[in-house]
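A.B. asks: Just one file: entry_3.cif, with mmCIF, C-alpha atoms.
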data_input
loop_
_atom_site.label_atom_id
_atom_site.label_comp_id
_atom_site.auth_asym_id
_atom_site.auth_seq_id
_atom_site.Cartn_x
_atom_site.Cartn_y
_atom_site.Cartn_z
CA MET T 1 91.87 -98.38 -173.34
CA ILE T 2 94.11 -98.65 -176.34
CA LEU T 3 96.00 -101.82 -175.35
CA PRO T 4 93.53 -104.43 -176.72
CA TYR T 5 93.22 -102.58 -180.05
CA LEU T 6 97.01 -102.25 -180.35
CA ALA T 7 97.43 -105.94 -179.52
CA ILE T 8 94.90 -106.98 -182.17
CA ALA T 9 96.42 -104.65 -184.80
CA LEU T 10 99.91 -106.03 -184.19
CA LEU T 11 98.56 -109.57 -184.20
CA VAL T 12 96.92 -109.04 -187.58
CA LEU T 13 100.18 -107.57 -188.92
CA VAL T 14 102.30 -110.46 -187.62
CA THR T 15 99.89 -113.10 -188.90
CA ALA T 16 99.80 -111.57 -192.38
CA TYR T 17 103.54 -110.92 -192.54
CA SER T 18 104.61 -114.34 -191.23
CA ALA T 19 102.14 -116.07 -193.57
CA VAL T 20 103.56 -114.22 -196.60
CA VAL T 21 107.15 -115.01 -195.61
CA SER T 22 106.32 -118.64 -194.79
CA PHE T 23 104.48 -119.42 -198.05
CA ARG T 24 106.33 -117.35 -200.64
CA ARG T 25 108.80 -119.18 -202.83
CA PRO T 26 112.26 -118.86 -201.29
CA ARG T 27 115.24 -117.49 -203.20
CA ASP T 28 113.54 -117.06 -206.57
CA GLY T 29 116.00 -114.48 -207.81
CA ARG T 30 114.71 -111.51 -205.88
CA ALA T 31 117.23 -109.51 -203.91
CA PRO T 32 116.63 -109.24 -200.14
CA THR T 33 114.82 -106.10 -199.10
CA TRP T 34 114.33 -104.42 -195.72
CA ILE T 35 110.91 -105.98 -195.40
CA PHE T 36 111.99 -109.45 -196.56
CA PRO T 37 115.63 -109.70 -195.38
CA SER T 38 117.68 -112.83 -195.86
CA GLY T 39 119.41 -112.27 -192.53
CA THR T 40 120.78 -109.55 -190.33
CA LYS T 41 124.23 -108.01 -190.26
CA ARG T 42 126.63 -109.17 -187.60
CA CYS T 43 126.79 -105.71 -186.00
CA ALA T 44 122.99 -105.56 -185.72
CA GLN T 45 122.91 -109.00 -184.08
CA THR T 46 125.55 -107.86 -181.60
CA ALA T 47 123.63 -104.63 -180.88
CA VAL T 48 120.40 -106.55 -180.24
CA GLY T 49 122.27 -108.98 -178.00
CA ILE T 50 123.82 -106.16 -175.95
CA CYS T 51 120.48 -104.29 -175.67
CA THR T 52 118.73 -107.49 -174.57
CA LEU T 53 121.41 -108.20 -171.97
CA ALA T 54 121.18 -104.61 -170.68
CA LEU T 55 117.38 -104.89 -170.53
CA ILE T 56 117.51 -108.17 -168.59
CA LEU T 57 120.10 -106.80 -166.14
CA GLY T 58 118.07 -103.59 -165.73
CA MET T 59 114.86 -105.51 -165.03
CA ALA T 60 116.67 -107.81 -162.56
CA ALA T 61 118.07 -104.76 -160.73
CA TRP T 62 114.67 -103.07 -160.71
CA PHE T 63 112.91 -106.15 -159.33
CA THR T 64 115.61 -106.56 -156.67
CA ILE T 65 115.33 -102.94 -155.53
CA ASP T 66 111.54 -103.05 -155.73
CA ALA T 67 111.34 -106.27 -153.69
CA ARG T 68 113.29 -104.63 -150.83
CA HIS T 69 110.68 -101.88 -150.59
CA SER T 70 107.59 -104.00 -151.23
CA ASN T 71 106.84 -105.02 -147.64
CA ARG T 72 104.30 -103.19 -145.49
CA ARG T 73 102.81 -103.68 -142.07
CA PRO T 74 100.02 -106.32 -142.19
CA SER T 75 96.45 -105.29 -141.43
CA ARG T 76 93.71 -106.75 -139.28
CA PHE T 77 90.23 -105.95 -140.58
CA LEU T 78 87.38 -106.19 -138.07
CA ILE T 79 83.97 -106.23 -139.72
CA PRO T 80 80.63 -106.12 -137.86
CA GLU T 81 79.10 -109.57 -137.39
CA GLY T 82 76.56 -110.28 -140.10
CA TYR T 83 77.77 -107.67 -142.53
CA VAL T 84 77.61 -108.78 -146.17
CA GLY T 85 78.66 -106.39 -148.92
CA TRP T 86 81.37 -103.93 -149.78
CA VAL T 87 83.46 -102.26 -147.08
CA ARG T 88 85.67 -99.26 -147.72
CA VAL T 89 88.59 -97.56 -145.98
CA GLU T 90 89.23 -93.94 -146.93
CA PHE T 91 92.76 -92.70 -146.23
CA GLN T 92 94.15 -89.22 -145.51
CA VAL T 93 90.79 -87.85 -144.38
CA PRO T 94 91.35 -84.59 -142.41
CA GLY T 95 90.03 -84.80 -138.87
CA ALA T 96 89.59 -88.59 -138.91
CA PRO T 97 91.46 -90.66 -136.29
CA PRO T 98 94.76 -92.30 -137.25
CA LEU T 99 95.00 -96.07 -137.56
CA LEU T 100 95.70 -98.02 -134.38
CA VAL T 101 98.51 -100.52 -134.28
CA GLU T 102 97.82 -103.75 -132.38
CA GLY T 103 100.89 -105.94 -132.04
CA THR T 104 102.48 -105.88 -135.47
CA GLU T 105 99.25 -105.12 -137.36
CA TYR T 106 97.23 -102.09 -138.30
CA LEU T 107 93.73 -102.34 -136.90
CA PHE T 108 90.80 -101.45 -139.15
CA LYS T 109 87.56 -101.65 -137.15
CA PHE T 110 84.60 -100.96 -139.40
CA PRO T 111 81.38 -99.38 -138.09
CA PRO T 112 78.03 -100.97 -139.12
CA SER T 113 77.96 -98.71 -142.20
CA GLY T 114 81.04 -100.47 -143.64
CA LEU T 115 82.78 -97.14 -144.26
CA LEU T 116 85.91 -96.32 -142.25
CA SER T 117 87.81 -93.03 -142.51
CA THR T 118 91.32 -92.47 -141.25
CA SER T 119 93.87 -89.67 -141.41
CA SER T 120 96.66 -92.23 -141.91
CA SER T 121 98.25 -92.75 -145.31
CA GLU T 122 97.81 -95.92 -147.28
CA GLU T 123 100.77 -98.30 -147.34
CA TYR T 124 101.66 -100.40 -150.33
CA GLY T 125 103.53 -103.67 -150.67
CA TRP T 126 103.11 -107.31 -149.78
CA ALA T 127 101.79 -108.45 -146.40
CA LYS T 128 99.48 -111.15 -145.06
CA ASP T 129 96.29 -109.45 -143.87
CA HIS T 130 93.67 -110.99 -141.58
CA TYR T 131 89.90 -110.55 -141.62
CA PHE T 132 87.41 -111.11 -138.81
CA TYR T 133 83.76 -110.65 -137.94
CA TYR T 134 83.44 -109.00 -134.54
CA SER T 135 80.56 -108.89 -132.06
CA GLU T 136 80.10 -108.63 -128.33
CA GLY T 137 80.72 -112.37 -128.11
CA GLY T 138 84.17 -112.19 -129.73
CA THR T 139 85.55 -112.57 -133.21
CA ARG T 140 85.47 -115.22 -135.89
CA ILE T 141 87.86 -115.50 -138.78
CA LEU T 142 86.90 -114.72 -142.36
CA PRO T 143 89.01 -116.84 -144.71
CA GLU T 144 90.59 -115.28 -147.79
CA THR T 145 91.06 -117.80 -150.59
CA GLY T 146 91.15 -118.05 -154.36
CA PRO T 147 88.06 -118.90 -156.44
CA GLY T 148 86.40 -122.13 -155.33
CA GLY T 149 88.25 -122.14 -152.01
CA GLY T 150 85.32 -121.13 -149.83
CA GLY T 151 86.72 -117.71 -149.00
CA LEU T 152 84.66 -114.79 -147.73
CA ILE T 153 86.83 -111.87 -148.91
CA TRP T 154 86.69 -110.84 -152.57
CA GLY T 155 87.45 -108.09 -155.04
CA LYS T 156 90.04 -106.14 -153.06
CA VAL T 157 90.71 -102.82 -154.77
CA ASN T 158 93.11 -99.97 -154.01
CA ALA T 159 92.14 -96.86 -155.90
CA GLU T 160 91.85 -93.08 -155.87
CA LYS T 161 88.82 -90.85 -156.37
CA SER T 162 88.45 -87.14 -156.94
CA GLY T 163 86.02 -85.16 -154.85
CA PRO T 164 85.40 -81.64 -153.56
CA LEU T 165 88.29 -82.07 -151.09
CA GLY T 166 90.69 -83.22 -153.80
CA LYS T 167 91.98 -86.70 -154.55
CA ARG T 168 91.43 -89.32 -151.90
CA LYS T 169 92.87 -92.82 -151.74
CA TYR T 170 90.70 -95.70 -150.64
CA GLU T 171 90.68 -99.47 -150.33
CA GLU T 172 87.61 -101.63 -150.58
CA PHE T 173 86.67 -105.28 -150.72
CA PHE T 174 83.58 -107.48 -150.63
CA VAL T 175 82.63 -109.54 -147.59
CA GLY T 176 80.51 -112.59 -148.36
CA THR T 177 80.55 -115.89 -150.19
CA GLU T 178 81.89 -116.22 -153.72
CA GLN T 179 78.32 -116.71 -154.94
CA GLN T 180 77.14 -113.53 -153.21
CA PHE T 181 80.10 -111.64 -154.68
CA GLY T 182 79.21 -112.88 -158.17
CA GLU T 183 75.53 -112.01 -157.71
CA GLN T 184 76.40 -108.60 -156.30
CA THR T 185 78.81 -107.68 -159.12
CA ARG T 186 76.16 -108.75 -161.65
CA GLY T 187 73.62 -106.60 -159.81
CA GLU T 188 71.41 -109.56 -158.90
CA GLN T 189 71.60 -109.11 -155.15
CA LYS T 190 71.40 -106.24 -152.77
CA VAL T 191 73.68 -106.48 -149.77
CA GLY T 192 72.04 -107.59 -146.55
CA SER T 193 72.93 -108.89 -143.15
CA SER T 194 72.79 -112.67 -143.59
CA ALA T 195 76.28 -113.62 -142.55
CA PRO T 196 77.92 -116.71 -144.08
CA GLU T 197 78.91 -119.44 -141.64
CA THR T 198 82.57 -119.71 -140.59
CA GLN T 199 84.29 -121.18 -137.59
CA ALA T 200 84.41 -119.12 -134.42
CA LYS T 201 87.79 -117.96 -133.19
CA MET G 1 115.61 -105.90 -188.66
CA ALA G 2 111.95 -105.24 -189.61
CA PRO G 3 110.72 -108.75 -188.70
CA PHE G 4 112.57 -108.54 -185.37
CA PHE G 5 110.75 -105.37 -184.32
CA VAL G 6 107.36 -106.57 -185.60
CA TYR G 7 107.55 -109.91 -183.78
CA LEU G 8 109.01 -108.29 -180.65
CA ALA G 9 106.32 -105.57 -180.48
CA ALA G 10 103.49 -108.04 -181.11
CA GLY G 11 104.83 -110.55 -178.57
CA ALA G 12 105.36 -107.88 -175.91
CA VAL G 13 102.01 -106.11 -176.41
CA THR G 14 99.83 -109.25 -176.62
CA GLY G 15 101.73 -110.84 -173.74
CA PHE G 16 101.32 -107.76 -171.55
CA HIS G 17 97.63 -107.47 -172.42
CA VAL G 18 96.89 -111.09 -171.54
CA TYR G 19 99.01 -110.76 -168.40
CA THR G 20 96.86 -107.82 -167.25
CA LEU G 21 93.77 -109.98 -167.82
CA LEU G 22 95.30 -112.87 -165.87
CA ARG G 23 95.99 -110.53 -162.96
CA LEU G 24 92.24 -110.04 -162.59
CA THR G 25 92.06 -113.60 -161.25
CA ALA G 26 93.46 -112.16 -158.01
CA LEU G 27 90.21 -110.20 -157.72
CA GLY G 28 88.11 -113.31 -158.09
CA SER G 29 87.53 -113.52 -161.85
CA PRO G 30 87.75 -117.06 -163.28
CA VAL G 31 90.84 -118.21 -165.21
CA ASN G 32 90.32 -118.75 -168.92
CA PRO G 33 92.65 -121.54 -170.15
CA LEU G 34 92.85 -119.80 -173.54
CA GLU G 35 94.59 -116.88 -171.82
CA LEU G 36 97.40 -119.21 -170.75
CA PHE G 37 97.51 -120.64 -174.28
CA SER G 38 97.76 -117.12 -175.68
CA LEU G 39 100.51 -116.17 -173.23
CA ALA G 40 102.56 -119.15 -174.42
CA GLY G 41 102.04 -117.90 -178.00
CA SER G 42 103.36 -114.46 -177.03
CA LEU G 43 106.49 -116.06 -175.60
CA CYS G 44 106.95 -117.97 -178.87
CA LEU G 45 106.68 -114.65 -180.75
CA LEU G 46 109.51 -113.24 -178.65
CA VAL G 47 111.59 -116.33 -179.48
CA ALA G 48 110.71 -115.84 -183.17
CA ALA G 49 111.92 -112.23 -182.96
CA TYR G 50 115.41 -113.32 -181.97
CA LEU G 51 115.37 -116.25 -184.39
CA SER G 52 114.54 -113.82 -187.23
CA LEU G 53 118.00 -112.28 -186.86
CA PHE G 54 119.57 -115.54 -187.98
CA LYS G 55 116.93 -117.58 -189.84
CA PRO G 56 114.11 -115.37 -191.17
CA GLU G 57 112.13 -118.17 -192.86
CA ALA G 58 112.20 -120.44 -189.80
CA ALA G 59 111.28 -117.46 -187.61
CA ALA G 60 108.33 -116.66 -189.89
CA LYS G 61 106.98 -120.22 -189.54
CA LEU G 62 107.35 -120.06 -185.76
CA ALA G 63 105.73 -116.61 -185.69
CA LEU G 64 102.80 -117.87 -187.79
CA LEU G 65 102.29 -120.78 -185.41
CA ALA G 66 102.56 -118.45 -182.42
CA SER G 67 100.14 -115.90 -183.84
CA LEU G 68 97.57 -118.63 -184.61
CA THR G 69 97.93 -119.76 -181.00
CA ILE G 70 97.27 -116.20 -179.81
CA TRP G 71 94.23 -115.99 -182.10
CA CYS G 72 92.74 -118.93 -180.17
CA PHE G 73 92.12 -116.41 -177.39
CA TYR G 74 91.58 -113.19 -179.36
CA GLY G 75 89.28 -114.76 -181.98
CA PRO G 76 86.56 -115.93 -179.57
CA ALA G 77 87.05 -112.76 -177.49
CA ILE G 78 86.44 -110.51 -180.52
CA ALA G 79 83.47 -112.63 -181.65
CA ARG G 80 81.93 -112.43 -178.20
CA THR G 81 82.52 -108.68 -177.98
CA ILE G 82 80.89 -108.12 -181.36
CA GLY G 83 78.03 -110.36 -180.32
CA TRP G 84 78.37 -113.24 -182.77
CA PHE G 85 77.80 -115.69 -179.91
#
Output the file's structure in the form of structure tokens.
C.D. replies:
Amino acid sequence: MILPYLAIALLVLVTAYSAVVSFRRPRDGRAPTWIFPSGTKRCAQTAVGICTLALILGMAAWFTIDARHSNRRPSRFLIPEGYVGWVRVEFQVPGAPPLLVEGTEYLFKFPPSGLLSTSSSEEYGWAKDHYFYYSEGGTRILPETGPGGGGLIWGKVNAEKSGPLGKRKYEEFFVGTEQQFGEQTRGEQKVGSSAPETQAK
Amino acid sequence: MAPFFVYLAAGAVTGFHVYTLLRLTALGSPVNPLELFSLAGSLCLLVAAYLSLFKPEAAAKLALLASLTIWCFYGPAIARTIGWF
């Protein structure tokens, strides 16, 4: 990825340039040059002002239009009781069943393997999803929080992979405590079936 | 116009880079306070870019201060990547 290298290169350039301009003796008889200007022409200032205004208005319009199309139907994820580890939903799988809709939510019921395939397409946008452990005795909620909040859902990823059947979109996330997620991502723990404690629903 | 484009490009690129790193917090990675410090420096660089159209010397001082602020994040990050600590 070129972005960090570009950022560092530009940062070195700015630091050196601004240091030279800041510490050189001002107005010691040298004529202004393009690299050390004494100011900018009025027309250039106006052009920059107009371009900036156009950029701000364009971004505001883009965000407004984007926000109107950023909602999707929320999802309800049902995970087998005791499952700890990564779960994955694969979308647009030929022959797989479509997603069920329960109330206003898509229903994702994972098998014990943690891998769910569906012929439905993935939806994008903002929505409040819900996560549950399910068993014969009912369901219990799995909280989703930020770091340190005691959540049990981590590392949600929407991505695409190439395979023999072409590109396939998938979504995956980790079910477990924050500590288990950290240990798992560092390769210190293999996933098991010791479920973290949460309140029953 | 040269200082304007240099400060603008540096502010935009460093700001966007740190913003992408901050977005990883949504996936559970911890927040580094130096990232927020660096992001503030990138904003100052953007201010310096516009200031350079009117007062180049004052803009240069602001840009120097802003770039040193950004180095507070990039310096340790580079050192850690190289393996100095």
A.B. asks: Can you turn the PyMOL selection byres ((chain G) within 10 of (chain T)) into a concrete residue list for this file, as a PyMOL selection string?
C.D. replies: chain G and resi 1-4+6-18+24-31+42+45+50-68+70-71+74-75+78
A.B. asks: Expand the PyMOL selection byres ((chain T and resi 87) around 8) into the explicit residue set it covers here, and present it as a ChimeraX atom specification.
C.D. replies: /T:85-86,88-89,110,114-115,172-175
A.B. asks: What is the CA of Phe63 (chain T)-CA of Tyr124 (chain T) distance in Å, reported with one decimal?
C.D. replies: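 Calculated distance between CA of Phe63 (chain T) and CA of Tyr124 (chain T) is 15.5 Å.
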A.B. asks: Convert the output of the PyMOL selection byres ((chain T and resi 138) around 12) on the shown file into explicit residues, formatted as a list in words.
C.D. replies: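 Evaluating the PyMOL selection byres ((chain T and resi 138) around 12) on this file yields Leu78, Ile79, Pro80, Glu81, Phe132, Tyr133, Tyr134, Ser135, Glu136, Gly137, Thr139, Arg140, Ile141, Gln199, Ala200 and Lys201 of chain T.
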A.B. asks: Please list as an mmCIF file with C-alpha atoms, keeping the file's coordinate frame every residue within 7 Å of region 67-77 of chain T, counting all atoms listed in the file and excluding residues in the same chain fewer than 6 positions away.
C.D. replies:
data_model
loop_
_atom_site.group_PDB
_atom_site.id
_atom_site.type_symbol
_atom_site.label_atom_id
_atom_site.label_comp_id
_atom_site.auth_asym_id
_atom_site.auth_seq_id
_atom_site.Cartn_x
_atom_site.Cartn_y
_atom_site.Cartn_z
ATOM 1 C CA THR T 104 102.480 -105.880 -135.470
ATOM 2 C CA GLU T 105 99.250 -105.120 -137.360
ATOM 3 C CA TYR T 106 97.230 -102.090 -138.300
ATOM 4 C CA LEU T 107 93.730 -102.340 -136.900
ATOM 5 C CA PHE T 108 90.800 -101.450 -139.150
ATOM 6 C CA LYS T 109 87.560 -101.650 -137.150
ATOM 7 C CA GLU T 123 100.770 -98.300 -147.340
ATOM 8 C CA TYR T 124 101.660 -100.400 -150.330
ATOM 9 C CA GLY T 125 103.530 -103.670 -150.670
ATOM 10 C CA TRP T 126 103.110 -107.310 -149.780
ATOM 11 C CA ALA T 127 101.790 -108.450 -146.400
ATOM 12 C CA LYS T 128 99.480 -111.150 -145.060
ATOM 13 C CA ASP T 129 96.290 -109.450 -143.870
ATOM 14 C CA HIS T 130 93.670 -110.990 -141.580
ATOM 15 C CA TYR T 131 89.900 -110.550 -141.620
ATOM 16 C CA PHE T 132 87.410 -111.110 -138.810
#
A.B. asks: So which one's closest to Leu34 (chain G), G:Trp84, G:Cys72, G:Ala77, G:Leu21? Using all atoms listed in the file, please.
C.D. replies: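 Under the stated criterion, the closest residue is G:Cys72.
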A.B. asks: So what do you get for CA of Ala40 (chain G) versus CA of Thr69 (chain G), distance-wise?
C.D. replies: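 These two atoms are separated by 8.1 Å.
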A.B. asks: Could you rebuild region 144-180 of chain T with N, CA and C atoms and give it back as an mmCIF file, keeping the file's coordinate frame?
C.D. replies:
data_model
loop_
_atom_site.group_PDB
_atom_site.id
_atom_site.type_symbol
_atom_site.label_atom_id
_atom_site.label_comp_id
_atom_site.auth_asym_id
_atom_site.auth_seq_id
_atom_site.Cartn_x
_atom_site.Cartn_y
_atom_site.Cartn_z
ATOM 1 N N GLU T 144 90.336 -115.889 -146.483
ATOM 2 C CA GLU T 144 90.590 -115.280 -147.790
ATOM 3 C C GLU T 144 91.233 -116.338 -148.669
ATOM 4 N N THR T 145 90.546 -116.737 -149.718
ATOM 5 C CA THR T 145 91.060 -117.800 -150.590
ATOM 6 C C THR T 145 90.911 -117.374 -152.052
ATOM 7 N N GLY T 146 91.390 -118.240 -152.937
ATOM 8 C CA GLY T 146 91.150 -118.050 -154.360
ATOM 9 C C GLY T 146 89.773 -118.555 -154.726
ATOM 10 N N PRO T 147 89.381 -118.419 -156.009
ATOM 11 C CA PRO T 147 88.060 -118.900 -156.440
ATOM 12 C C PRO T 147 87.878 -120.388 -156.138
ATOM 13 N N GLY T 148 86.708 -120.739 -155.629
ATOM 14 C CA GLY T 148 86.400 -122.130 -155.330
ATOM 15 C C GLY T 148 86.949 -122.607 -153.991
ATOM 16 N N GLY T 149 87.627 -121.736 -153.264
ATOM 17 C CA GLY T 149 88.250 -122.140 -152.010
ATOM 18 C C GLY T 149 87.403 -121.877 -150.782
ATOM 19 N N GLY T 150 86.201 -121.370 -150.972
ATOM 20 C CA GLY T 150 85.320 -121.130 -149.830
ATOM 21 C C GLY T 150 85.634 -119.860 -149.060
ATOM 22 N N GLY T 151 86.362 -118.956 -149.680
ATOM 23 C CA GLY T 151 86.720 -117.710 -149.000
ATOM 24 C C GLY T 151 85.547 -116.773 -148.847
ATOM 25 N N LEU T 152 85.733 -115.759 -147.992
ATOM 26 C CA LEU T 152 84.660 -114.790 -147.730
ATOM 27 C C LEU T 152 85.132 -113.359 -147.983
ATOM 28 N N ILE T 153 86.301 -113.193 -148.582
ATOM 29 C CA ILE T 153 86.830 -111.870 -148.910
ATOM 30 C C ILE T 153 87.129 -111.839 -150.401
ATOM 31 N N TRP T 154 86.574 -110.856 -151.116
ATOM 32 C CA TRP T 154 86.690 -110.840 -152.570
ATOM 33 C C TRP T 154 86.871 -109.407 -153.097
ATOM 34 N N GLY T 155 87.429 -109.342 -154.277
ATOM 35 C CA GLY T 155 87.450 -108.090 -155.040
ATOM 36 C C GLY T 155 88.175 -106.936 -154.376
ATOM 37 N N LYS T 156 89.321 -107.212 -153.764
ATOM 38 C CA LYS T 156 90.040 -106.140 -153.060
ATOM 39 C C LYS T 156 90.598 -105.139 -154.073
ATOM 40 N N VAL T 157 90.318 -103.874 -153.828
ATOM 41 C CA VAL T 157 90.710 -102.820 -154.770
ATOM 42 C C VAL T 157 91.383 -101.679 -154.008
ATOM 43 N N ASN T 158 92.495 -101.206 -154.513
ATOM 44 C CA ASN T 158 93.110 -99.970 -154.010
ATOM 45 C C ASN T 158 92.992 -98.950 -155.119
ATOM 46 N N ALA T 159 92.382 -97.823 -154.824
ATOM 47 C CA ALA T 159 92.140 -96.860 -155.900
ATOM 48 C C ALA T 159 92.149 -95.435 -155.351
ATOM 49 N N GLU T 160 91.838 -94.502 -156.223
ATOM 50 C CA GLU T 160 91.850 -93.080 -155.870
ATOM 51 C C GLU T 160 90.638 -92.432 -156.516
ATOM 52 N N LYS T 161 89.974 -91.536 -155.786
ATOM 53 C CA LYS T 161 88.820 -90.850 -156.370
ATOM 54 C C LYS T 161 88.977 -89.349 -156.167
ATOM 55 N N SER T 162 88.414 -88.601 -157.061
ATOM 56 C CA SER T 162 88.450 -87.140 -156.940
ATOM 57 C C SER T 162 87.129 -86.650 -156.377
ATOM 58 N N GLY T 163 87.226 -85.733 -155.452
ATOM 59 C CA GLY T 163 86.020 -85.160 -154.850
ATOM 60 C C GLY T 163 86.217 -83.685 -154.589
ATOM 61 N N PRO T 164 85.277 -83.071 -153.862
ATOM 62 C CA PRO T 164 85.400 -81.640 -153.560
ATOM 63 C C PRO T 164 86.623 -81.307 -152.718
ATOM 64 N N LEU T 165 87.108 -82.302 -151.934
ATOM 65 C CA LEU T 165 88.290 -82.070 -151.090
ATOM 66 C C LEU T 165 89.578 -82.544 -151.768
ATOM 67 N N GLY T 166 89.505 -82.761 -153.065
ATOM 68 C CA GLY T 166 90.690 -83.220 -153.800
ATOM 69 C C GLY T 166 90.701 -84.726 -153.952
ATOM 70 N N LYS T 167 91.872 -85.253 -154.347
ATOM 71 C CA LYS T 167 91.980 -86.700 -154.550
ATOM 72 C C LYS T 167 92.091 -87.423 -153.211
ATOM 73 N N ARG T 168 91.416 -88.548 -153.134
ATOM 74 C CA ARG T 168 91.430 -89.320 -151.900
ATOM 75 C C ARG T 168 91.644 -90.799 -152.231
ATOM 76 N N LYS T 169 92.585 -91.407 -151.500
ATOM 77 C CA LYS T 169 92.870 -92.820 -151.740
ATOM 78 C C LYS T 169 91.949 -93.680 -150.873
ATOM 79 N N TYR T 170 91.555 -94.790 -151.414
ATOM 80 C CA TYR T 170 90.700 -95.700 -150.640
ATOM 81 C C TYR T 170 90.984 -97.141 -151.001
ATOM 82 N N GLU T 171 90.558 -98.023 -150.106
ATOM 83 C CA GLU T 171 90.680 -99.470 -150.330
ATOM 84 C C GLU T 171 89.326 -100.072 -150.032
ATOM 85 N N GLU T 172 88.884 -100.976 -150.867
ATOM 86 C CA GLU T 172 87.610 -101.630 -150.580
ATOM 87 C C GLU T 172 87.638 -103.086 -151.004
ATOM 88 N N PHE T 173 86.794 -103.857 -150.374
ATOM 89 C CA PHE T 173 86.670 -105.280 -150.720
ATOM 90 C C PHE T 173 85.283 -105.765 -150.333
ATOM 91 N N PHE T 174 84.923 -106.924 -150.867
ATOM 92 C CA PHE T 174 83.580 -107.480 -150.630
ATOM 93 C C PHE T 174 83.667 -108.547 -149.553
ATOM 94 N N VAL T 175 82.722 -108.528 -148.646
ATOM 95 C CA VAL T 175 82.630 -109.540 -147.590
ATOM 96 C C VAL T 175 81.395 -110.395 -147.880
ATOM 97 N N GLY T 176 81.622 -111.674 -148.071
ATOM 98 C CA GLY T 176 80.510 -112.590 -148.360
ATOM 99 C C GLY T 176 81.031 -113.807 -149.097
ATOM 100 N N THR T 177 80.119 -114.691 -149.467
ATOM 101 C CA THR T 177 80.550 -115.890 -150.190
ATOM 102 C C THR T 177 80.877 -115.521 -151.647
ATOM 103 N N GLU T 178 81.537 -116.448 -152.321
ATOM 104 C CA GLU T 178 81.890 -116.220 -153.720
ATOM 105 C C GLU T 178 80.629 -116.042 -154.566
ATOM 106 N N GLN T 179 79.578 -116.813 -154.209
ATOM 107 C CA GLN T 179 78.320 -116.710 -154.940
ATOM 108 C C GLN T 179 77.678 -115.332 -154.741
ATOM 109 N N GLN T 180 77.708 -114.870 -153.495
ATOM 110 C CA GLN T 180 77.140 -113.530 -153.210
ATOM 111 C C GLN T 180 77.930 -112.440 -153.932
#
